[in-house]
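Working notes, beginning with the structure itself.
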Amino acid sequence: MNTKVSIAGVEFKNPVTTASGTFGSGMEYCEFADLNRLGAVTTKGVASVPWPGNPTPRVCEVYGGMLNAIGLQNPGIDVFCKRDIPFLKKFDTKIIVNVCGKTVEEYLEVVERLADEPVDMLEINVSCPNVKEGAIAFGQDADCLFGITKEIKKKAKQPVIMKLSPNVTRIADMAKAAEAGGADAISLINTITGMKIDIERRKFVLANKTGGMSGPAIKPVAVRMVYEASHAVKIPTIGMGGIASYDDAIEFMMAGATMVAVGAANFTNPNTTVEVVNGIEEFMKTHGIEDINEIIGCV
Amino acid sequence: MKMYEEATVVSVKEIAPLIFDMTVSAKSAKEAVPGQFAMIYPKNPSTLLPRPISICEKSDDELRFVFRIAGKGTKEFSTYKKGDLVRILAPLGNGYDINALKGKKVIVTGGGIGIPPMLELLKTLKANGTEVLGIFGYRDSVLFLKEDFEKFGKVYIATEDGSVGTKGNVLDAVKEHDIDFDVICACGPMPMLKAVKNFAGEKGKDAYISLEERMACGVGACLGCVCKTVKKDVHSHVNNARVCTEGPVFDAREVEI
Ligand SMILES: Cc1cc2nc3c(=O)[nH]c(=O)nc-3n(C[C@H](O)[C@H](O)[C@H](O)COP(=O)(O)OP(=O)(O)OC[C@H]3O[C@@H](n4cnc5c(N)ncnc54)[C@H](O)[C@@H]3O)c2cc1C
Ligand SMILES: Cc1cc2nc3c(=O)[nH]c(=O)nc-3n(C[C@H](O)[C@H](O)[C@H](O)COP(=O)(O)O)c2cc1C
Ligand code: FES
């Protein structure tokens with residue numbers, strides 16, 4: 001039985017990774033989930049310098065999901081290279097580093113800094129709805145997305161995944177722009193912009209007013225977008241958005257994803273990632289699937 | 001070590017209107033210290049996030065939680081029966097540094113639903129011979145947990161409506177009884193914590209306060225639960241410490257509230 005998948009020449013032992021920002025750099029979760037069982041760990045977004053993030057409250061629950069407006073708090077690339085990469089190297093899993101920035105230059109600084117680091121892929125977050133400058137602007141305009149992808153590809157030593165925003169009119173156009181810019185893969189969906197109001201206090205629940213929605217409630221939207229995006233391009237897709245169990249993961253793969261990422265579901269059960277890996281293997285056995293690649297985009 | 005486990009409900013009872021007392025048997029109880037908390041996972045699939053609840057009391061194999069019904073999650077917990085299984089992640093957070101309090105005159109104080117976590121603290125301090133006094137602030141004469149505290153000595157009470165003890169808040173009680181102290185440990189609503197921080201500051205005494213913030217992961221991964229700190233935090237070096245990991249107990253001098 002083969003569970004291996006590969007993207008841009010990088011081979012993953014199985015198609016399951018973590019969704020950026022929900023799993024730190026694995027340090028906090030390795031007590032509950034065996035990182036060696038995962039295809040890859042995708043880290044929290046890292047910028048060229050430390051970012052303080054947004055005021056609190058930064059998270060809240062909504063029916064079947066949650067909103068977050070962390071605002072990309074992160075320690076900056078120096079601490080990340082010294083602390084987080086060596087930690088992850090201790091495990092038998094691939095490393096995907098999620099990169100954020102406010103300007104093209106900031107993204108490039110991180111990408112160049114990572115060139116000689118032992119990481120397997122870069123995921124470029126051009127789709128965070130929670131920071132004012134840059135970031136999402138690159139992900140909501142096809143020309144900007146094309147431009148930044150091209151710049152990053154010139155400098156990057158590792159294969160590049162462009163992480164797409166669902167907050168666009170036509171996701172297929174964004175996927176095509178990333179591909180045209182030279183991206184090696186796309187990942188989606190980032191969170192969907194949402195809002196929650198406390199009716200007793202007549203106030204926004206989140207200090208940032210809006211937050212990115214994730215969790216099971218967004219899954220049907222994510223599956224549709226993964227289907228549309230993956231069928232618009234030849235490069236592989238990493239699918240995410242509400243994956244909480246193996247059947248969700250299989251659904252994304254059938255829609256066209258080569259890999260899948262588990263996000264908010266880590267909060268519902270810290271061992272979700274490993275349970276998804278086990279569940280996929282079990283599904284393959286019971287359904288007589290010899291190679292996981294058979295089901296990618298099979299619908 | 002933190003553990004994610006299926007705990008078994010030993011008992012659940014309502015000890016005051018909307019306030020429930022739940023004991024579970026759990027392996028994670030063994031290493032828990034005062035001031036730490038647990039994440040309790042509701043079963044209702046529409047509630048994605050676990051609920052942070054302080055450890056009120058512990059033994060080697062049991063954890064006791066006292067919580068107020070605030071919404072869907074706590075409502076669900078209140079319906080649990082003996083023998084039910086409930087997923088928990090515990091013990092979480094730093095808890096109080098008991099050794100640092102040894103040999104000092106300590107006031108342990110709580111307000112409202114901030115009272116429960118002070119039980120294990122008071123008990124532990126008494127057991128190691130620390131000179132400690134409990135002062136608790138309630139809204140009215142519904143004095144939940146008072147008898148539990150009195151097992152470990154005299155306690156002072158303040159009530160907002162003046163029906164029992166000092167009329168006013170816990171600091172009014174400290175002033176009324178002219179209580180001498182080196183350290184004050186407090187858990188309760190933000191206005192109370194601010195007042196405790198200022199009061200201790202003016203007197204040049206130490207204060208340790210338990211902060212509350214919205215949480216998602218409970219283990220330091222999501223960066224949802226931060227508070228402003230004077231020094232650089234260990235995670236991101238941006239003066240934003242994680243309440244779930246570096247807290248919930250902070251030296252009042254080190255946080256901006
Ligand atoms: C470290 C810590 C210790 C706590 N200890 C206790 C305790 O011992 N007893 C007790 O009664 N309460 C305690 N609380 C508050 C308790 O977590 C909330 O009352 C509870 O999460 C409400 O959940 P709900 O589903 O009933 O309410 P809902 O309003 O339905 O909750 C919706 C969401 O908001 C979050 N939330 C709501 N109120 C709070 C709050 N005050 N603080 C943090 N998150 C909140 C919930 O966790 C959930 O994610 C503690 C909070 C923290 C951070
Ligand atoms: C708390 C939190 C923090 C996140 N931080 C990032 C981030 O730093 N970079 C990024 O590209 N996406 C981030 N995301 C988005 C997720 O990686 C993922 O795209 C999204 O949550 C949808 O998946 P889910 O429904 O499984 O959570 C974050 C999501 C959450 C809930
Ligand atoms: S709740 Fe996730 S970091 Fe504290």
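Naming scheme: A, B, ... for chains in displayed order of the structure tokens; residues 1 onward per chain; ligands 1 onward as shown.
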Do you know which residues are within 6 Å of ligand 2 using only C-alpha atoms and all ligand atoms? Can you write them as a PDB file with C-alpha atoms, in the first residue's frame?
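Dumped everything to selection_37.pdb:
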ATOM      1  CA  ALA A  19      -2.269  24.137   8.644  1.00  0.00           C
ATOM      2  CA  SER A  20      -0.004  27.092   9.328  1.00  0.00           C
ATOM      3  CA  GLY A  21      -0.644  28.918  12.591  1.00  0.00           C
ATOM      4  CA  THR A  22      -2.595  26.173  14.282  1.00  0.00           C
ATOM      5  CA  LYS A  44       3.309  29.420  11.778  1.00  0.00           C
ATOM      6  CA  GLY A  45       3.951  32.381   9.455  1.00  0.00           C
ATOM      7  CA  ASN A  68      -9.114  34.335  14.651  1.00  0.00           C
ATOM      8  CA  LEU A  72       0.673  37.037  12.621  1.00  0.00           C
ATOM      9  CA  ASN A 125       1.035  33.500   2.878  1.00  0.00           C
ATOM     10  CA  ILE A 189      -8.049  27.884   1.617  1.00  0.00           C
ATOM     11  CA  ASN A 190      -6.855  30.435   4.085  1.00  0.00           C
ATOM     12  CA  THR A 191      -9.577  31.708   6.414  1.00  0.00           C
ATOM     13  CA  SER A 214     -12.005  28.323   9.990  1.00  0.00           C
ATOM     14  CA  GLY A 215     -13.232  24.954  11.201  1.00  0.00           C
ATOM     15  CA  MET A 240      -7.443  22.640   3.771  1.00  0.00           C
ATOM     16  CA  GLY A 241     -10.413  24.214   5.492  1.00  0.00           C
ATOM     17  CA  GLY A 242     -12.346  22.382   8.172  1.00  0.00           C
ATOM     18  CA  ILE A 243     -10.571  19.022   7.990  1.00  0.00           C
ATOM     19  CA  VAL A 262      -5.345  20.005   9.492  1.00  0.00           C
ATOM     20  CA  GLY A 263      -5.945  23.376  11.143  1.00  0.00           C
ATOM     21  CA  ALA A 264      -8.488  24.361  13.765  1.00  0.00           C
TER      22      ALA A 264
ATOM     23  CA  CYS B 222      -2.071  29.462  18.452  1.00  0.00           C
TER      24      CYS B 222
END
Can you tell me, as a list in words, what residues are no more than 10 Å from Glu213 (chain B) when counting only C-alpha atoms, ignoring any on the same chain fewer than 5 positions away?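 The filter keeps Thr56, Pro57, Arg58 and Val59 of chain A; Pro52, Gly224, Cys225, Val226, Cys227, Arg242, Val243, Cys244 and Pro248 of chain B.
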Kindly assemble as a Markdown table a list of the chain B residues that lie within 7 Å of ligand 1, each paired with its nearest atom pair and their distance in Å to one decimal, using only C-alpha atoms and all ligand atoms, sorted first by chain and then by ascending residue number.
| residue | atom | partner | partner_atom_place_in_ligand_line | distance |
| --- | --- | --- | --- | --- |
| B:Phe37 | CA | ligand 1 | 1 (C) | 5.8 |
| B:Leu49 | CA | ligand 1 | 49 (O) | 5.2 |
| B:Pro50 | CA | ligand 1 | 47 (O) | 6.2 |
| B:Arg51 | CA | ligand 1 | 47 (O) | 4.2 |
| B:Pro52 | CA | ligand 1 | 17 (O) | 4.2 |
| B:Ile53 | CA | ligand 1 | 5 (N) | 3.6 |
| B:Ser54 | CA | ligand 1 | 8 (O) | 3.8 |
| B:Ile55 | CA | ligand 1 | 8 (O) | 6.4 |
| B:Cys56 | CA | ligand 1 | 8 (O) | 6.7 |
| B:Phe65 | CA | ligand 1 | 8 (O) | 6.1 |
| B:Val66 | CA | ligand 1 | 9 (N) | 5.4 |
| B:Phe67 | CA | ligand 1 | 11 (O) | 3.0 |
| B:Arg68 | CA | ligand 1 | 11 (O) | 3.9 |
| B:Ile69 | CA | ligand 1 | 26 (O) | 5.6 |
| B:Ala70 | CA | ligand 1 | 26 (O) | 4.1 |
| B:Gly71 | CA | ligand 1 | 26 (O) | 3.3 |
| B:Lys72 | CA | ligand 1 | 25 (O) | 4.2 |
| B:Gly73 | CA | ligand 1 | 25 (O) | 3.2 |
| B:Thr74 | CA | ligand 1 | 26 (O) | 3.7 |
| B:Lys75 | CA | ligand 1 | 26 (O) | 5.8 |
| B:Ile113 | CA | ligand 1 | 11 (O) | 5.5 |
| B:Gly114 | CA | ligand 1 | 8 (O) | 6.6 |
| B:Pro116 | CA | ligand 1 | 8 (O) | 5.8 |
| B:Pro117 | CA | ligand 1 | 8 (O) | 6.1 |
| B:Leu211 | CA | ligand 1 | 1 (C) | 6.6 |
| B:Glu212 | CA | ligand 1 | 53 (C) | 3.9 |
| B:Glu213 | CA | ligand 1 | 53 (C) | 4.7 |
| B:Arg214 | CA | ligand 1 | 44 (N) | 4.1 |
| B:Met215 | CA | ligand 1 | 44 (N) | 6.0 |
| B:Ala216 | CA | ligand 1 | 49 (O) | 6.8 |
| B:Cys244 | CA | ligand 1 | 1 (C) | 6.6 |
| B:Pro248 | CA | ligand 1 | 1 (C) | 5.7 |
Neighbour list for Val12 (chain B) as a list of chain:residue names, cut-off 9 Å, only C-alpha atoms, skip fewer than 4 positions in-chain: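 Here the qualifying residues turn out to be B:Phe20, B:Asp21, B:Met22, B:Thr23, B:Val24, B:Phe77, B:Ser78, B:Thr79, B:Tyr80, B:Lys81, B:Lys82.
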I'd like the neighbourhood of Glu62 (chain B) as a ChimeraX atom specification, where a residue qualifies if any of its atoms comes within 7 Å (using only C-alpha atoms), though same-chain residues fewer than 2 positions away should be ignored. /B:23-26,29,58-60,64
My list of candidates is B:Pro42, B:Gly247, B:Gly93, B:Gly218. Which is closest to ligand 3 when distances are computed with only C-alpha atoms and all ligand atoms? B:Gly218
Counting only C-alpha atoms, which residues of chain A come no farther than 6 Å from chain B, as number ranges by chain? A: 22-24, 28, 52, 58-59, 63-65, 74-75, 267-268
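With distances restricted to only C-alpha atoms and all ligand atoms, A:Gln73 is the closest residue to ligand 3 from A:Thr42, A:Gln73, A:Gln140, A:Asn271.
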Env of Pro55 (chain A): 9 Å cut, atoms = only C-alpha atoms, seq-sep filter 6 positions within chain, self excluded. Answer as a list in words. Ala69, Ile70, Gly71, Leu206, Ala207 and Asn208 of chain A; Val226 and Cys227 of chain B
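Taking only C-alpha atoms and all ligand atoms into account, ligand 3 lies nearest to B:Leu92 out of the set B:Glu6, B:Asp172, B:Thr159, B:Leu92.
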Helix (DSSP H, G or I) positions in region 63-269 of chain A, given as an NGL selection string: :A and (77-89 or 104-113 or 136-140 or 142-155 or 171-180 or 216-232 or 246-255 or 265-268)
Between A:Asn266, A:Pro220, A:Asp248, A:Gly182, which has the minimum distance to ligand 3 (counting only C-alpha atoms and all ligand atoms)? A:Asn266
Selection: 8 Å around Lys94 (chain A), only C-alpha atoms, excl. self and same-chain fewer than 2 positions, as a PyMOL selection string: chain A and resi 12+39-41+92+96+119-120
Got time to write the residues from that selection, all heavy atoms, as a PDB file, in the first residue's frame?
ATOM      1  N   PHE A  12       6.697  13.052   0.321  1.00  0.00           N
ATOM      2  CA  PHE A  12       6.122  13.057   1.664  1.00  0.00           C
ATOM      3  C   PHE A  12       5.633  11.644   1.987  1.00  0.00           C
ATOM      4  O   PHE A  12       5.046  10.991   1.120  1.00  0.00           O
ATOM      5  CB  PHE A  12       4.938  14.030   1.729  1.00  0.00           C
ATOM      6  CG  PHE A  12       5.315  15.451   1.405  1.00  0.00           C
ATOM      7  CD1 PHE A  12       5.287  15.916   0.088  1.00  0.00           C
ATOM      8  CD2 PHE A  12       5.719  16.326   2.401  1.00  0.00           C
ATOM      9  CE1 PHE A  12       5.653  17.219  -0.229  1.00  0.00           C
ATOM     10  CE2 PHE A  12       6.088  17.636   2.097  1.00  0.00           C
ATOM     11  CZ  PHE A  12       6.053  18.084   0.784  1.00  0.00           C
ATOM     12  N   GLY A  39       3.228  13.657   7.264  1.00  0.00           N
ATOM     13  CA  GLY A  39       3.908  13.889   5.993  1.00  0.00           C
ATOM     14  C   GLY A  39       4.811  15.107   6.097  1.00  0.00           C
ATOM     15  O   GLY A  39       5.935  15.112   5.615  1.00  0.00           O
ATOM     16  N   ALA A  40       4.309  16.147   6.732  1.00  0.00           N
ATOM     17  CA  ALA A  40       5.091  17.369   6.928  1.00  0.00           C
ATOM     18  C   ALA A  40       4.491  18.165   8.073  1.00  0.00           C
ATOM     19  O   ALA A  40       3.332  17.977   8.427  1.00  0.00           O
ATOM     20  CB  ALA A  40       5.075  18.225   5.656  1.00  0.00           C
ATOM     21  N   VAL A  41       5.325  19.049   8.643  1.00  0.00           N
ATOM     22  CA  VAL A  41       4.804  20.049   9.566  1.00  0.00           C
ATOM     23  C   VAL A  41       4.911  21.384   8.852  1.00  0.00           C
ATOM     24  O   VAL A  41       5.982  21.736   8.338  1.00  0.00           O
ATOM     25  CB  VAL A  41       5.608  20.085  10.893  1.00  0.00           C
ATOM     26  CG1 VAL A  41       5.231  21.301  11.728  1.00  0.00           C
ATOM     27  CG2 VAL A  41       5.370  18.804  11.693  1.00  0.00           C
ATOM     28  N   ASP A  92      11.351  12.789  11.923  1.00  0.00           N
ATOM     29  CA  ASP A  92      11.350  12.242  10.573  1.00  0.00           C
ATOM     30  C   ASP A  92      10.091  12.733   9.855  1.00  0.00           C
ATOM     31  O   ASP A  92       9.120  12.008   9.689  1.00  0.00           O
ATOM     32  CB  ASP A  92      11.382  10.713  10.674  1.00  0.00           C
ATOM     33  CG  ASP A  92      11.270  10.060   9.311  1.00  0.00           C
ATOM     34  OD1 ASP A  92      11.594  10.739   8.310  1.00  0.00           O
ATOM     35  OD2 ASP A  92      10.841   8.900   9.249  1.00  0.00           O
ATOM     36  N   ILE A  96       7.710  22.473   6.072  1.00  0.00           N
ATOM     37  CA  ILE A  96       7.223  23.525   5.180  1.00  0.00           C
ATOM     38  C   ILE A  96       7.151  24.808   6.011  1.00  0.00           C
ATOM     39  O   ILE A  96       6.465  24.847   7.036  1.00  0.00           O
ATOM     40  CB  ILE A  96       5.827  23.182   4.608  1.00  0.00           C
ATOM     41  CG1 ILE A  96       5.873  21.837   3.843  1.00  0.00           C
ATOM     42  CG2 ILE A  96       5.327  24.317   3.701  1.00  0.00           C
ATOM     43  CD1 ILE A  96       4.519  21.358   3.334  1.00  0.00           C
ATOM     44  N   VAL A 119      15.149  23.289   5.114  1.00  0.00           N
ATOM     45  CA  VAL A 119      13.693  23.174   5.060  1.00  0.00           C
ATOM     46  C   VAL A 119      13.299  22.700   3.663  1.00  0.00           C
ATOM     47  O   VAL A 119      14.032  22.929   2.695  1.00  0.00           O
ATOM     48  CB  VAL A 119      12.974  24.504   5.426  1.00  0.00           C
ATOM     49  CG1 VAL A 119      13.414  25.000   6.789  1.00  0.00           C
ATOM     50  CG2 VAL A 119      13.202  25.566   4.372  1.00  0.00           C
ATOM     51  N   ASP A 120      12.163  22.013   3.569  1.00  0.00           N
ATOM     52  CA  ASP A 120      11.823  21.332   2.326  1.00  0.00           C
ATOM     53  C   ASP A 120      11.035  22.180   1.345  1.00  0.00           C
ATOM     54  O   ASP A 120      11.193  22.062   0.146  1.00  0.00           O
ATOM     55  CB  ASP A 120      11.058  20.055   2.655  1.00  0.00           C
ATOM     56  CG  ASP A 120      11.921  19.122   3.481  1.00  0.00           C
ATOM     57  OD1 ASP A 120      12.835  18.531   2.909  1.00  0.00           O
ATOM     58  OD2 ASP A 120      11.717  19.034   4.716  1.00  0.00           O
TER      59      ASP A 120
END
For Val46 (chain A), list every protein, DNA or RNA residue within 9 Å, evaluated using only C-alpha atoms, and leave out those in the same chain fewer than 2 positions away; present the list as a ChimeraX atom specification. /A:43-44,48-51,72-77,80,97-101,110
Name the closest residue to ligand 3 among the candidates A:Ile161, A:Pro270, A:Asp247, A:Asn36; distances are taken between atoms, counting only C-alpha atoms and all ligand atoms. A:Pro270
